[in-house]
Amino acid sequence: MIEDNIINQEANERAVLVGLATNKQNETKCREYLDELEFLAHTAGAETQARFIQKVDWPNPRTYVGKGKLEEIRQYVEDNDIGLVIFDDDLSSKQVANIENELKVKILDRTSLILDIFAKRAQTATARTQVELAQYQYLLPRLTRMWTHLERQRGGIGMRGPGETQIETDRRIILDKISRLKEELRNIDKQKSVQRKNRGKLTRVALVGYTNAGKSTLMNLLSKSEVFAENKLFATLDTTVRKVIIDNLPFLLTDTVGFIRKLPTHLVDSFKSTLDEVREADILVHVVDVSHPQFEEQIEVVNKTLADVCGPNTKPMIMVFNKIDAFHHVPKDADDLTPRTRENIPLEEFEKMWMAKMDNNCVFISAKEKINIDRLKELLYEKAKEIHSERFPYNDFLFQKYDDLAAEMEDEASE
């Protein structure tokens with residue numbers, strides 16, 4: 001895989017973050033994005049020492065930030081032994097080269113940081129191929145800053161002719177690699193498609209959501225498996241499928257890669273084979289970190305990404321609001337005359353609001369503390385049973401008999 005701009009994982013690097021407050025992104029939103037960027041940096045193995053925010057109408061085409069702000073950053077970098085500066089937006093090759101010349105340290109943008117995390121997290125051959133493709137697609141338009149010999153012509157015995165600049169040679173090599181990787185992924189898609197067909201007509205349930213919402217933890221809880229889960233962004237890249245049985249009803253549960261704001265298009269395209277699991281799912285379970293201050297915006301990001309990848313959603317969806325144990329609780333009888341906002345609304349009001357909005361197709365849980373998991377299982381059972389009954393009409397009779405028998409047993413137990 002490409003090693004350019006990869007953070008050294010052997011020791012935590014000291015880093016600073018840089019963001020812009022513009023007409024399209026106010027200072028509050030900029031700080032929120034930098035919070036997420038700091039989490040990304042921590043996941044990659046860097047320690048954030050400071051943040052720099054500049055208010056401008058638009059990014060400087062030469063150095064992203066203005067001359068004065070860049071000098072301020074340079075002074076801080078020199079005084080505090082900083083080895084890495086991370087920018088919250090994508091940088092052009094020209095901007096990276098100019099900034100590196102001024103700061104004399106390693107420069108990353110948001111996409112290159114995410115790619116570094118992806119490269120670290122990829123475990124299977126499929127995920128590694130997807131990440132490598134995304135790396136080359138990111139690198140291709142940025143080749144110019146990687147060479148000091150761009151105008152040298154290839155020559156020598158057997159190499160005479162019109163000549164070819166080094167940059168053209170490198171671009172051709174990378175284009176060839178991109179073509180090869182796309183072919184590999186097409187073959188992987190065919191294999192995955194055959195695997196999905198071989199699973200029979202079992203109902204398929206896919207976990208989707210923002211990164212670090214708790215999908216893998218929920219996967220482990222429902223399937224009693226040991227999928228890797230960690231309180232870091234993009235802990236899971238590889239698609240995992242497990243068979244789950246609730247009240248004698250079997251279905252397949254899939255854990256998928258999480259989404260994030262400002263996720264590059266080519267990164268989504270590279271994970272097409274992974275997202276095919278979402279396209280072919282019968283039921284979507286949207287896992288939300290309800291304790292996150294911007295969880296509603298995260299919901300919008302996931303829904304938009306799903307619409308871009310899969311088209312308008314016509315599948316049954318269950319909203320699972322996870323991490324209620326970390327929710328900012330407000331006592332019901334609190335004497336608070338301030339307007340109701342995200343910061344002071346009780347969890348009970350959130351539940352009622354979303355229950356009405358989702359027609360009761362939502363549940364508030366804590367996968368970590370195993371709170372309200374039985375209600376989630378009931379919802380999954382109801383939705384999976386509807387799909388199963390459509391595919392196996394004869395079994396609908398058996399389900400009814402089973403439910404009647406269970407009801408009789410409950411009545412006898414109560415007497």
# chains A, B, ... in the order shown; residues from 1 in each chain; ligands from 1
>>> residues_around(residues="Pro141 in chain A", least_positions_apart="4", cutoff="9 Å", atoms="only C-alpha atoms", output="VMD selection string")
chain A and resid 92 to 93 137 171
>>> write_last_selection(atoms="C-alpha atoms", output="tab-separated table (two decimals), in the first residue's frame")
chain	number	residue	atom	x	y	z
A	92	SER	CA	-4.65	20.69	-3.28
A	93	SER	CA	-1.12	19.57	-4.17
A	137	GLN	CA	-7.39	7.65	-6.30
A	171	ARG	CA	0.56	8.86	-13.53
>>> atom_distance(atom1="CA of Thr239 in chain A", atom2="CA of Thr256 in chain A")
5.1 Å
>>> closest_residue(among="A:Ile299, A:Val244, A:Ala50, A:Leu267", to="Phe118 in chain A", atoms="only C-alpha atoms")
A:Leu267
>>> residues_around(residues="Ile173 in chain A", least_positions_apart="5", cutoff="12 Å", atoms="only C-alpha atoms", output="PyMOL selection string")
chain A and resi 136+139-140+143+166-168+178-180
>>> write_last_selection(atoms="N, CA, C and O atoms", output="PDB file, in the first residue's frame")
ATOM      1  N   TYR A 136      -4.811   5.298  -3.953  1.00  0.00           N
ATOM      2  CA  TYR A 136      -4.306   5.686  -5.274  1.00  0.00           C
ATOM      3  C   TYR A 136      -5.179   6.741  -5.930  1.00  0.00           C
ATOM      4  O   TYR A 136      -4.683   7.652  -6.604  1.00  0.00           O
ATOM      5  N   LEU A 139      -4.231   9.910  -4.380  1.00  0.00           N
ATOM      6  CA  LEU A 139      -2.873  10.322  -4.731  1.00  0.00           C
ATOM      7  C   LEU A 139      -2.766  10.873  -6.153  1.00  0.00           C
ATOM      8  O   LEU A 139      -1.994  11.802  -6.407  1.00  0.00           O
ATOM      9  N   LEU A 140      -3.550  10.337  -7.079  1.00  0.00           N
ATOM     10  CA  LEU A 140      -3.391  10.654  -8.496  1.00  0.00           C
ATOM     11  C   LEU A 140      -3.345  12.150  -8.803  1.00  0.00           C
ATOM     12  O   LEU A 140      -2.417  12.616  -9.469  1.00  0.00           O
ATOM     13  N   LEU A 143       0.102  14.122  -7.533  1.00  0.00           N
ATOM     14  CA  LEU A 143       1.430  13.626  -7.876  1.00  0.00           C
ATOM     15  C   LEU A 143       2.472  14.731  -7.972  1.00  0.00           C
ATOM     16  O   LEU A 143       3.640  14.521  -7.669  1.00  0.00           O
ATOM     17  N   GLN A 166       8.720  12.342 -15.971  1.00  0.00           N
ATOM     18  CA  GLN A 166       8.553  11.434 -14.833  1.00  0.00           C
ATOM     19  C   GLN A 166       7.126  11.456 -14.298  1.00  0.00           C
ATOM     20  O   GLN A 166       6.572  10.422 -13.928  1.00  0.00           O
ATOM     21  N   ILE A 167       6.540  12.640 -14.271  1.00  0.00           N
ATOM     22  CA  ILE A 167       5.179  12.742 -13.755  1.00  0.00           C
ATOM     23  C   ILE A 167       4.201  11.958 -14.624  1.00  0.00           C
ATOM     24  O   ILE A 167       3.273  11.329 -14.125  1.00  0.00           O
ATOM     25  N   GLU A 168       4.409  11.965 -15.939  1.00  0.00           N
ATOM     26  CA  GLU A 168       3.548  11.195 -16.837  1.00  0.00           C
ATOM     27  C   GLU A 168       3.736   9.700 -16.614  1.00  0.00           C
ATOM     28  O   GLU A 168       2.778   8.927 -16.650  1.00  0.00           O
ATOM     29  N   ILE A 178      -4.744   1.435 -10.501  1.00  0.00           N
ATOM     30  CA  ILE A 178      -6.155   1.676 -10.220  1.00  0.00           C
ATOM     31  C   ILE A 178      -7.029   0.742 -11.049  1.00  0.00           C
ATOM     32  O   ILE A 178      -8.006   0.156 -10.550  1.00  0.00           O
ATOM     33  N   SER A 179      -6.672   0.586 -12.318  1.00  0.00           N
ATOM     34  CA  SER A 179      -7.423  -0.319 -13.194  1.00  0.00           C
ATOM     35  C   SER A 179      -7.364  -1.752 -12.672  1.00  0.00           C
ATOM     36  O   SER A 179      -8.382  -2.463 -12.655  1.00  0.00           O
ATOM     37  N   ARG A 180      -6.166  -2.174 -12.236  1.00  0.00           N
ATOM     38  CA  ARG A 180      -6.012  -3.537 -11.714  1.00  0.00           C
ATOM     39  C   ARG A 180      -6.827  -3.735 -10.432  1.00  0.00           C
ATOM     40  O   ARG A 180      -7.494  -4.759 -10.261  1.00  0.00           O
TER      41      ARG A 180
END
>>> closest_atom_pairs(of="range 74-136 of chain A", to="range 10-25 of chain A", cutoff="9 Å", atoms="only C-alpha atoms", output="CSV")
residue,atom,partner,partner_atom,distance
A:Val77,CA,A:Val16,CA,8.1
A:Asn80,CA,A:Arg14,CA,8.8
A:Asp81,CA,A:Arg14,CA,7.6
A:Ile82,CA,A:Arg14,CA,5.2
A:Gly83,CA,A:Arg14,CA,5.9
A:Leu84,CA,A:Ala15,CA,4.7
A:Val85,CA,A:Val16,CA,5.1
A:Ile86,CA,A:Leu17,CA,4.9
A:Phe87,CA,A:Val18,CA,4.8
A:Asp88,CA,A:Gly19,CA,5.4
A:Asp89,CA,A:Gly19,CA,7.5
>>> write_last_selection(atoms="N, CA and C atoms", output="PDB file, in the first residue's frame")
ATOM      1  N   VAL A  77       4.567  25.773  15.991  1.00  0.00           N
ATOM      2  CA  VAL A  77       5.183  24.497  15.617  1.00  0.00           C
ATOM      3  C   VAL A  77       6.656  24.465  16.043  1.00  0.00           C
ATOM      4  N   ASN A  80       7.067  24.402  20.041  1.00  0.00           N
ATOM      5  CA  ASN A  80       6.497  23.297  20.808  1.00  0.00           C
ATOM      6  C   ASN A  80       6.821  21.915  20.233  1.00  0.00           C
ATOM      7  N   ASP A  81       7.821  21.861  19.364  1.00  0.00           N
ATOM      8  CA  ASP A  81       8.278  20.571  18.828  1.00  0.00           C
ATOM      9  C   ASP A  81       7.127  19.784  18.198  1.00  0.00           C
ATOM     10  N   ILE A  82       6.367  20.440  17.325  1.00  0.00           N
ATOM     11  CA  ILE A  82       5.243  19.814  16.627  1.00  0.00           C
ATOM     12  C   ILE A  82       5.748  19.197  15.325  1.00  0.00           C
ATOM     13  N   GLY A  83       5.339  17.961  15.051  1.00  0.00           N
ATOM     14  CA  GLY A  83       5.795  17.283  13.837  1.00  0.00           C
ATOM     15  C   GLY A  83       4.724  17.075  12.799  1.00  0.00           C
ATOM     16  N   LEU A  84       3.484  17.487  13.117  1.00  0.00           N
ATOM     17  CA  LEU A  84       2.366  17.192  12.217  1.00  0.00           C
ATOM     18  C   LEU A  84       1.312  18.287  12.319  1.00  0.00           C
ATOM     19  N   VAL A  85       0.857  18.779  11.173  1.00  0.00           N
ATOM     20  CA  VAL A  85      -0.239  19.752  11.120  1.00  0.00           C
ATOM     21  C   VAL A  85      -1.356  19.153  10.269  1.00  0.00           C
ATOM     22  N   ILE A  86      -2.564  19.103  10.820  1.00  0.00           N
ATOM     23  CA  ILE A  86      -3.695  18.457  10.150  1.00  0.00           C
ATOM     24  C   ILE A  86      -4.752  19.508   9.830  1.00  0.00           C
ATOM     25  N   PHE A  87      -5.156  19.562   8.580  1.00  0.00           N
ATOM     26  CA  PHE A  87      -6.160  20.520   8.114  1.00  0.00           C
ATOM     27  C   PHE A  87      -7.505  19.813   7.962  1.00  0.00           C
ATOM     28  N   ASP A  88      -8.582  20.525   8.307  1.00  0.00           N
ATOM     29  CA  ASP A  88      -9.897  19.900   8.355  1.00  0.00           C
ATOM     30  C   ASP A  88     -10.541  19.711   6.986  1.00  0.00           C
ATOM     31  N   ASP A  89      -9.997  20.323   5.952  1.00  0.00           N
ATOM     32  CA  ASP A  89     -10.546  20.168   4.603  1.00  0.00           C
ATOM     33  C   ASP A  89      -9.478  19.591   3.677  1.00  0.00           C
TER      34      ASP A  89
END
>>> atom_distance(atom1="CA of Asp374 in chain A", atom2="CA of Leu202 in chain A")
21.9 Å
>>> closest_residue(among="A:Ile53, A:Arg121, A:Thr63, A:Gln130", to="Arg186 in chain A", atoms="only C-alpha atoms")
A:Gln130
>>> closest_residue(among="A:Thr43, A:Thr126, A:Ser366, A:Asn60", to="Ile114 in chain A", atoms="only C-alpha atoms")
A:Thr43
>>> select_by_dssp(residues="range 285-320 of chain A", states="strand (DSSP E)", output="list in words")
Val285, His286, Val287, Val288, Asp289, Met317, Ile318, Met319 and Val320 of chain A
>>> atom_distance(atom1="CA of Ile99 in chain A", atom2="CA of Tyr33 in chain A")
21.1 Å
>>> closest_residue(among="A:Glu349, A:Glu132, A:Glu78, A:Asp289", to="Leu181 in chain A", atoms="only C-alpha atoms")
A:Glu132
